[in-house]
file input.txt (compact mmCIF, C-alpha atoms)
# COMPACT_ATOMS: atom_id res chain seq x y z
CA MET A 1 70.27 -16.49 10.99
CA THR A 2 67.30 -18.60 11.85
CA SER A 3 68.00 -22.19 12.70
CA LEU A 4 66.31 -24.93 10.76
CA ASP A 5 64.85 -26.20 14.02
CA GLU A 6 63.07 -22.94 14.82
CA PRO A 7 59.45 -22.56 13.70
CA VAL A 8 58.88 -20.22 10.85
CA THR A 9 56.58 -17.30 11.78
CA ALA A 10 53.74 -16.69 9.35
CA THR A 11 54.23 -13.00 8.77
CA GLY A 12 52.97 -13.04 5.19
CA PRO A 13 51.12 -15.18 2.70
CA ARG A 14 52.45 -18.66 2.35
CA PRO A 15 54.16 -19.22 -0.96
CA ASP A 16 52.57 -22.66 -1.39
CA ARG A 17 48.94 -21.40 -1.04
CA PRO A 18 47.57 -19.10 -3.75
CA ARG A 19 45.73 -16.00 -2.61
CA ARG A 20 41.96 -16.33 -2.82
CA ARG A 21 40.22 -13.88 -5.09
CA ARG A 22 37.16 -12.00 -3.89
CA GLY A 23 33.93 -11.93 -5.78
CA GLY A 24 32.52 -14.37 -8.28
CA PRO A 25 34.21 -17.08 -10.26
CA ASP A 26 35.43 -14.58 -12.82
CA GLY A 27 36.95 -12.27 -10.19
CA ARG A 28 34.33 -9.54 -10.23
CA ARG A 29 33.46 -8.53 -6.70
CA GLY A 30 29.89 -9.09 -5.49
CA VAL A 31 28.56 -10.51 -8.75
CA PRO A 32 28.66 -14.30 -8.90
CA GLY A 33 29.61 -15.22 -12.40
CA GLY A 34 30.10 -11.59 -13.44
CA ARG A 35 28.10 -10.21 -16.34
CA ARG A 36 27.42 -13.46 -18.01
CA GLY A 37 24.57 -13.99 -20.41
CA VAL A 38 21.02 -14.27 -19.10
CA PRO A 39 19.48 -17.72 -19.62
CA LEU A 40 17.03 -17.64 -22.50
CA PRO A 41 14.28 -19.54 -20.58
CA LEU A 42 14.31 -16.69 -18.05
CA LEU A 43 14.81 -13.80 -20.44
CA LEU A 44 11.82 -14.44 -22.70
CA PRO A 45 9.17 -14.80 -19.94
CA GLY A 46 10.61 -11.78 -18.15
CA VAL A 47 10.36 -9.61 -21.27
CA LEU A 48 6.84 -10.89 -21.96
CA ALA A 49 5.78 -10.08 -18.41
CA LEU A 50 7.18 -6.56 -18.74
CA ALA A 51 5.37 -6.05 -22.05
CA PHE A 52 2.14 -7.44 -20.57
CA LEU A 53 2.26 -4.87 -17.76
CA LEU A 54 3.40 -1.86 -19.77
CA LEU A 55 1.56 -2.18 -23.09
CA PRO A 56 -1.92 -1.34 -21.70
CA LEU A 57 -0.52 1.78 -20.06
CA LEU A 58 1.26 2.79 -23.25
CA ALA A 59 -1.96 2.22 -25.20
CA LEU A 60 -3.73 4.55 -22.78
CA LEU A 61 -1.16 7.25 -23.48
CA VAL A 62 -1.21 6.69 -27.25
CA ARG A 63 -5.01 6.80 -27.55
CA ALA A 64 -5.43 9.74 -25.18
CA PRO A 65 -7.27 12.73 -26.72
CA TRP A 66 -4.51 15.23 -25.96
CA ARG A 67 -6.11 18.08 -27.92
CA SER A 68 -9.43 17.91 -26.10
CA LEU A 69 -7.87 16.92 -22.78
CA PRO A 70 -8.01 20.42 -21.21
CA ASP A 71 -11.70 20.76 -22.04
CA GLN A 72 -12.42 17.28 -20.72
CA LEU A 73 -10.67 17.88 -17.40
CA THR A 74 -12.15 21.33 -16.77
CA SER A 75 -15.78 20.24 -16.90
CA ALA A 76 -17.87 20.59 -13.74
CA GLU A 77 -18.63 16.86 -13.52
CA VAL A 78 -14.95 15.93 -13.56
CA TRP A 79 -14.07 18.43 -10.86
CA GLN A 80 -16.94 17.23 -8.69
CA ALA A 81 -15.80 13.63 -9.01
CA LEU A 82 -12.15 14.58 -8.44
CA GLN A 83 -12.93 16.70 -5.40
CA LEU A 84 -15.10 13.98 -3.89
CA SER A 85 -12.42 11.37 -4.58
CA LEU A 86 -9.69 13.42 -2.91
CA VAL A 87 -11.80 14.29 0.12
CA SER A 88 -13.17 10.78 0.65
CA ALA A 89 -9.79 9.11 0.13
CA THR A 90 -8.18 11.48 2.64
CA ALA A 91 -10.96 10.89 5.17
CA ALA A 92 -10.70 7.12 4.68
CA THR A 93 -6.94 7.33 5.24
CA ALA A 94 -7.49 9.30 8.45
CA VAL A 95 -9.91 6.63 9.67
CA SER A 96 -7.38 3.95 8.77
CA LEU A 97 -4.65 5.77 10.71
CA VAL A 98 -6.76 6.24 13.84
CA LEU A 99 -7.94 2.64 13.90
CA GLY A 100 -5.24 0.78 11.98
CA VAL A 101 -2.09 1.89 13.82
CA PRO A 102 -3.32 0.63 17.23
CA LEU A 103 -4.42 -2.62 15.60
CA ALA A 104 -0.99 -3.06 14.01
CA TRP A 105 0.65 -2.44 17.40
CA LEU A 106 -1.55 -5.10 19.02
CA LEU A 107 -0.64 -7.62 16.32
CA ALA A 108 3.08 -6.86 16.54
CA ARG A 109 3.68 -6.26 20.24
CA THR A 110 1.14 -8.38 22.13
CA ASP A 111 0.55 -12.09 22.33
CA PHE A 112 -3.05 -13.20 22.73
CA PRO A 113 -5.03 -16.32 21.80
CA GLY A 114 -6.11 -16.35 18.18
CA ARG A 115 -3.67 -13.68 17.01
CA GLY A 116 -3.00 -15.59 13.79
CA LEU A 117 -6.72 -15.76 13.08
CA VAL A 118 -7.11 -12.04 13.76
CA ARG A 119 -4.27 -11.28 11.36
CA ALA A 120 -5.89 -13.44 8.69
CA LEU A 121 -9.21 -11.65 9.16
CA VAL A 122 -7.50 -8.27 8.92
CA THR A 123 -5.95 -9.19 5.59
CA LEU A 124 -9.19 -10.72 4.27
CA PRO A 125 -10.33 -7.50 2.49
CA LEU A 126 -7.13 -7.70 0.41
CA VAL A 127 -8.31 -10.89 -1.30
CA LEU A 128 -12.05 -10.41 -0.93
CA PRO A 129 -13.77 -9.21 -4.13
CA PRO A 130 -14.69 -5.54 -3.56
CA VAL A 131 -18.30 -6.15 -4.60
CA VAL A 132 -18.59 -8.79 -1.89
CA GLY A 133 -17.17 -6.26 0.56
CA GLY A 134 -19.89 -3.80 -0.47
CA VAL A 135 -22.59 -6.42 0.03
CA ALA A 136 -21.15 -7.22 3.46
CA LEU A 137 -21.22 -3.53 4.38
CA LEU A 138 -24.85 -3.32 3.28
CA LEU A 139 -25.78 -6.31 5.43
CA ALA A 140 -23.98 -4.78 8.41
CA LEU A 141 -24.69 -1.04 8.07
CA GLY A 142 -27.71 -0.85 5.77
CA ARG A 143 -31.16 0.23 6.92
CA ASN A 144 -32.03 -3.39 7.67
CA GLY A 145 -28.48 -4.39 8.56
CA VAL A 146 -27.24 -5.95 11.75
CA ILE A 147 -26.00 -2.59 13.09
CA GLY A 148 -27.57 -0.18 10.60
CA LYS A 149 -31.14 -0.78 11.75
CA TRP A 150 -30.22 0.30 15.27
CA LEU A 151 -28.37 3.36 13.98
CA ASP A 152 -31.46 4.31 11.99
CA ALA A 153 -33.90 3.62 14.85
CA TRP A 154 -31.93 5.26 17.67
CA PHE A 155 -30.05 8.10 15.97
CA GLY A 156 -31.70 8.47 12.56
CA VAL A 157 -28.35 7.79 10.87
CA THR A 158 -28.37 6.23 7.40
CA LEU A 159 -24.99 5.36 5.94
CA PRO A 160 -25.60 3.69 2.55
CA PHE A 161 -25.77 5.89 -0.56
CA THR A 162 -24.20 8.86 1.23
CA THR A 163 -20.79 10.51 1.15
CA THR A 164 -20.09 8.98 4.56
CA GLY A 165 -20.83 5.62 2.99
CA VAL A 166 -18.13 6.31 0.40
CA VAL A 167 -15.60 6.95 3.18
CA ILE A 168 -16.62 3.78 5.01
CA ALA A 169 -16.36 1.64 1.87
CA GLU A 170 -12.94 3.05 1.00
CA ALA A 171 -11.64 2.64 4.56
CA PHE A 172 -12.82 -0.98 4.59
CA VAL A 173 -10.67 -1.90 1.60
CA ALA A 174 -7.73 0.43 2.34
CA MET A 175 -7.08 -0.16 6.05
CA PRO A 176 -5.41 -3.59 5.61
CA PHE A 177 -2.65 -1.98 3.52
CA LEU A 178 -1.86 0.36 6.40
CA VAL A 179 -2.05 -2.36 9.06
CA ILE A 180 0.30 -4.69 7.18
CA SER A 181 2.83 -1.94 6.52
CA VAL A 182 2.85 -0.65 10.10
CA GLU A 183 2.96 -4.14 11.61
CA GLY A 184 6.00 -5.01 9.50
CA THR A 185 7.71 -1.82 10.59
CA LEU A 186 6.93 -2.53 14.23
CA ARG A 187 8.35 -6.04 13.98
CA ALA A 188 11.53 -4.64 12.47
CA ALA A 189 11.87 -1.98 15.20
CA ASP A 190 13.79 -2.91 18.35
CA PRO A 191 11.33 -3.34 21.26
CA ARG A 192 14.09 -2.69 23.79
CA TYR A 193 13.61 1.04 23.36
CA GLU A 194 10.06 0.71 24.65
CA GLU A 195 11.23 -1.51 27.50
CA ALA A 196 13.89 1.03 28.45
CA ALA A 197 11.29 3.79 28.50
CA THR A 198 8.98 1.76 30.73
CA THR A 199 11.81 1.01 33.18
CA LEU A 200 12.37 4.76 33.46
CA GLY A 201 8.78 5.24 34.61
CA ALA A 202 6.90 5.85 31.35
CA SER A 203 3.60 4.12 30.78
CA ARG A 204 3.12 1.81 27.81
CA PHE A 205 1.11 4.45 25.96
CA THR A 206 3.70 7.16 26.70
CA ALA A 207 6.46 4.87 25.46
CA PHE A 208 4.49 4.22 22.30
CA ARG A 209 3.77 7.91 21.75
CA ARG A 210 7.22 9.30 22.59
CA VAL A 211 9.52 6.44 21.52
CA THR A 212 7.89 3.94 19.17
CA LEU A 213 5.83 6.32 17.08
CA PRO A 214 8.82 8.42 15.92
CA LEU A 215 10.74 5.22 15.12
CA ILE A 216 8.01 3.80 12.89
CA ALA A 217 6.97 7.11 11.32
CA PRO A 218 8.40 6.19 7.85
CA GLY A 219 6.44 2.93 7.87
CA ILE A 220 3.27 4.75 8.89
CA ALA A 221 3.78 7.29 6.12
CA ALA A 222 4.30 4.55 3.52
CA GLY A 223 1.23 2.67 4.73
CA ALA A 224 -0.84 5.85 4.69
CA VAL A 225 0.18 6.58 1.10
CA LEU A 226 -0.73 3.04 0.06
CA ALA A 227 -4.07 3.25 1.85
CA TRP A 228 -4.80 6.64 0.26
CA ALA A 229 -4.01 5.35 -3.22
CA ARG A 230 -6.13 2.24 -2.67
CA ALA A 231 -9.03 4.33 -1.39
CA LEU A 232 -8.75 6.68 -4.36
CA GLY A 233 -9.07 3.81 -6.82
CA GLU A 234 -11.82 1.88 -5.04
CA PHE A 235 -14.77 0.96 -7.24
CA GLY A 236 -16.63 -2.24 -6.33
CA ALA A 237 -17.40 -1.67 -2.67
CA THR A 238 -18.18 2.00 -3.30
CA ILE A 239 -20.74 1.47 -6.05
CA THR A 240 -22.38 -1.38 -4.10
CA PHE A 241 -22.59 0.34 -0.74
CA ALA A 242 -22.74 4.04 -1.68
CA GLY A 243 -24.15 4.04 -5.21
CA ASN A 244 -23.25 6.33 -8.09
CA PHE A 245 -24.86 9.73 -7.52
CA PRO A 246 -23.06 12.69 -9.15
CA GLY A 247 -21.87 15.23 -6.63
CA ARG A 248 -22.60 12.97 -3.66
CA THR A 249 -21.12 9.49 -4.15
CA GLN A 250 -19.66 9.50 -7.68
CA THR A 251 -15.89 9.22 -7.33
CA MET A 252 -13.35 9.21 -10.15
CA PRO A 253 -13.42 5.42 -10.79
CA LEU A 254 -17.23 5.55 -10.97
CA ALA A 255 -17.04 8.52 -13.32
CA VAL A 256 -14.64 6.57 -15.55
CA TYR A 257 -17.03 3.62 -15.66
CA LEU A 258 -20.01 5.84 -16.49
CA ALA A 259 -18.12 7.84 -19.12
CA LEU A 260 -16.86 4.67 -20.81
CA GLN A 261 -20.44 3.83 -21.80
CA ASN A 262 -21.29 7.24 -23.28
CA ASP A 263 -18.06 9.15 -23.98
CA PRO A 264 -14.92 6.97 -24.33
CA GLU A 265 -12.66 10.00 -24.76
CA ALA A 266 -13.80 11.39 -21.42
CA ALA A 267 -13.16 7.99 -19.84
CA ILE A 268 -9.60 8.01 -21.19
CA SER A 269 -9.04 11.53 -19.87
CA LEU A 270 -10.25 10.57 -16.39
CA SER A 271 -8.09 7.45 -16.51
CA LEU A 272 -5.06 9.61 -17.24
CA VAL A 273 -5.75 11.56 -14.06
CA LEU A 274 -5.78 8.37 -12.00
CA LEU A 275 -2.65 7.18 -13.79
CA ALA A 276 -0.88 10.41 -12.90
CA VAL A 277 -1.90 9.98 -9.26
CA SER A 278 -0.55 6.42 -9.25
CA ILE A 279 2.77 7.58 -10.67
CA ALA A 280 2.94 10.28 -8.00
CA VAL A 281 2.37 7.61 -5.33
CA LEU A 282 5.21 5.52 -6.73
CA ALA A 283 7.44 8.58 -6.77
CA GLY A 284 6.60 9.22 -3.13
CA LEU A 285 7.53 5.63 -2.23
CA ARG A 286 10.72 5.51 -4.29
CA ASP A 287 12.97 5.32 -1.23
CA ARG A 288 11.00 2.35 0.12
CA TRP A 289 10.53 0.22 -3.00
CA MET A 290 12.27 1.56 -6.07
CA THR A 291 15.74 1.54 -4.50
CA THR A 292 15.52 -1.91 -2.90

call {"tool": "encode", "arguments": {"input": "input.txt", "output": "structure tokens"}}
result
Amino acid sequence: MTSLDEPVTATGPRPDRPRRRRGGPDGRRGVPGGRRGVPLPLLLPGVLALAFLLLPLLALLVRAPWRSLPDQLTSAEVWQALQLSLVSATAATAVSLVLGVPLAWLLARTDFPGRGLVRALVTLPLVLPPVVGGVALLLALGRNGVIGKWLDAWFGVTLPFTTTGVVIAEAFVAMPFLVISVEGTLRAADPRYEEAATTLGASRFTAFRRVTLPLIAPGIAAGAVLAWARALGEFGATITFAGNFPGRTQTMPLAVYLALQNDPEAAISLSLVLLAVSIAVLAGLRDRWMTT
């Protein structure tokens, strides 16, 4: 028998202290408050916001000319605009990858004076009106632009109102999406892997190419998809800097704008194509956004 003077060993729950329940106040694990009712001041604005975002898309599907849709989409003008859009958006994404990934690495891995200002300037095209971006490109790369006049005088290169101008305009507005995505991925990645590679004799570029690049590949892929989708839907900078010439600079958004004035059904059909592309982009990014 245990003496009354001996301390009692706590081998189990004390009878005078009730066991604490896990989860919310109603006992359901991980859900504070359980499945209680949603507050009405939050429910109504949320439903209105959802309706505001979805109703225009549903109206596009309801008013679509489904019977004449095959004829609308098989016309030569549509295929020219679609082909040009796909090629130019892919080329703009390639330019964004070649230039944007090193810029994202500099912003994430190096410390230099004015880095915050550089980051703000990089994100400026995200909030800048696209038409203003097109005007800025004209002033920089036009025939009488700051750089364009020298390109024309020395090399005979004219960029505005050409297919190359379309690629430049789309890359200008799409590259910030890639830079932001890759920079965020780089900040989340552990830099000690690069440091370990450099201590083993690898150069900084070799460590980036062999260690960092495979680690951030999902972030680069997501940023590239976003940049490609943004380039595909670009309108303002493209029409200002490259014009609207069928077969040369007329992309799908420009074709939609032109068709809306003369043939609304054709404009709806072209809009359905861009809507399908946007849905495909969301499906490709489902593991990054839709499951978080």

call {"tool": "residues_around", "arguments": {"input": "input.txt", "residues": "Ala217 (chain A)", "least_positions_apart": "6", "cutoff": "10 Å", "atoms": "all atoms listed in the file", "output": "VMD selection string"}}
result
chain A and resid 182 185 223

call {"tool": "residues_near_point", "arguments": {"input": "input.txt", "point": "(-11.2, -0.4, -2.5)", "cutoff": "9 Å", "atoms": "only C-alpha atoms", "output": "list in words"}}
result
Pro125, Leu126, Pro130, Gly133, Ala169, Glu170, Ala171, Phe172, Val173, Ala174, Arg230, Ala231, Leu232, Gly233, Glu234, Phe235, Gly236, Ala237 and Thr238 of chain A

call {"tool": "closest_residue", "arguments": {"input": "input.txt", "among": "A:Ser181, A:Arg119, A:Leu82, A:Leu61", "to": "Val225 (chain A)", "atoms": "all atoms listed in the file"}}
result
A:Ser181

call {"tool": "residues_around", "arguments": {"input": "input.txt", "residues": "Asp190 (chain A)", "least_positions_apart": "4", "cutoff": "12 Å", "atoms": "only C-alpha atoms", "output": "VMD selection string"}}
result
chain A and resid 108 to 109 184 to 186 194 to 196 211 to 212 215 to 216

call {"tool": "residues_around", "arguments": {"input": "input.txt", "residues": "region 144-159 of chain A", "least_positions_apart": "4", "cutoff": "12 Å", "atoms": "all atoms listed in the file", "output": "PyMOL selection string"}}
result
chain A and resi 135-140+163-169+238+241-243+249

call {"tool": "write_last_selection", "arguments": {"input": "input.txt", "atoms": "C-alpha atoms", "output": "PDB file, in the frame of the given file"}}
result
ATOM      1  CA  VAL A 135     -22.590  -6.420   0.030  1.00  0.00           C
ATOM      2  CA  ALA A 136     -21.150  -7.220   3.460  1.00  0.00           C
ATOM      3  CA  LEU A 137     -21.220  -3.530   4.380  1.00  0.00           C
ATOM      4  CA  LEU A 138     -24.850  -3.320   3.280  1.00  0.00           C
ATOM      5  CA  LEU A 139     -25.780  -6.310   5.430  1.00  0.00           C
ATOM      6  CA  ALA A 140     -23.980  -4.780   8.410  1.00  0.00           C
ATOM      7  CA  THR A 163     -20.790  10.510   1.150  1.00  0.00           C
ATOM      8  CA  THR A 164     -20.090   8.980   4.560  1.00  0.00           C
ATOM      9  CA  GLY A 165     -20.830   5.620   2.990  1.00  0.00           C
ATOM     10  CA  VAL A 166     -18.130   6.310   0.400  1.00  0.00           C
ATOM     11  CA  VAL A 167     -15.600   6.950   3.180  1.00  0.00           C
ATOM     12  CA  ILE A 168     -16.620   3.780   5.010  1.00  0.00           C
ATOM     13  CA  ALA A 169     -16.360   1.640   1.870  1.00  0.00           C
ATOM     14  CA  THR A 238     -18.180   2.000  -3.300  1.00  0.00           C
ATOM     15  CA  PHE A 241     -22.590   0.340  -0.740  1.00  0.00           C
ATOM     16  CA  ALA A 242     -22.740   4.040  -1.680  1.00  0.00           C
ATOM     17  CA  GLY A 243     -24.150   4.040  -5.210  1.00  0.00           C
ATOM     18  CA  THR A 249     -21.120   9.490  -4.150  1.00  0.00           C
TER      19      THR A 249
END

call {"tool": "atom_distance", "arguments": {"input": "input.txt", "atom1": "CA of Ala266 (chain A)", "atom2": "CA of Ile279 (chain A)"}}
result
20.1 Å

call {"tool": "axis_aligned_box", "arguments": {"input": "input.txt", "around": "region 230-247 of chain A", "padding_each_side": "3 Å", "output": "lines of an AutoDock Vina configuration file"}}
result
center_x = -15.5
center_y = 6.5
center_z = -4.9
size_x = 24.7
size_y = 23.5
size_z = 14.4

call {"tool": "atom_distance", "arguments": {"input": "input.txt", "atom1": "CA of Pro214 (chain A)", "atom2": "CA of Pro191 (chain A)"}}
result
13.2 Å

call {"tool": "atom_distance", "arguments": {"input": "input.txt", "atom1": "CA of Arg67 (chain A)", "atom2": "CA of Leu260 (chain A)"}}
result
18.6 Å

call {"tool": "closest_residue", "arguments": {"input": "input.txt", "among": "A:Thr240, A:Ser269, A:Ser278, A:Thr110", "to": "Trp66 (chain A)", "atoms": "only C-alpha atoms"}}
result
A:Ser269

call {"tool": "residues_around", "arguments": {"input": "input.txt", "residues": "Phe208 (chain A)", "least_positions_apart": "5", "cutoff": "10 Å", "atoms": "all atoms listed in the file", "output": "PyMOL selection string"}}
result
chain A and resi 102+105+193-194+197-198+202-203+213-215

call {"tool": "closest_residue", "arguments": {"input": "input.txt", "among": "A:Ala259, A:Met175, A:Phe245, A:Ala280", "to": "Gln80 (chain A)", "atoms": "only C-alpha atoms"}}
result
A:Phe245
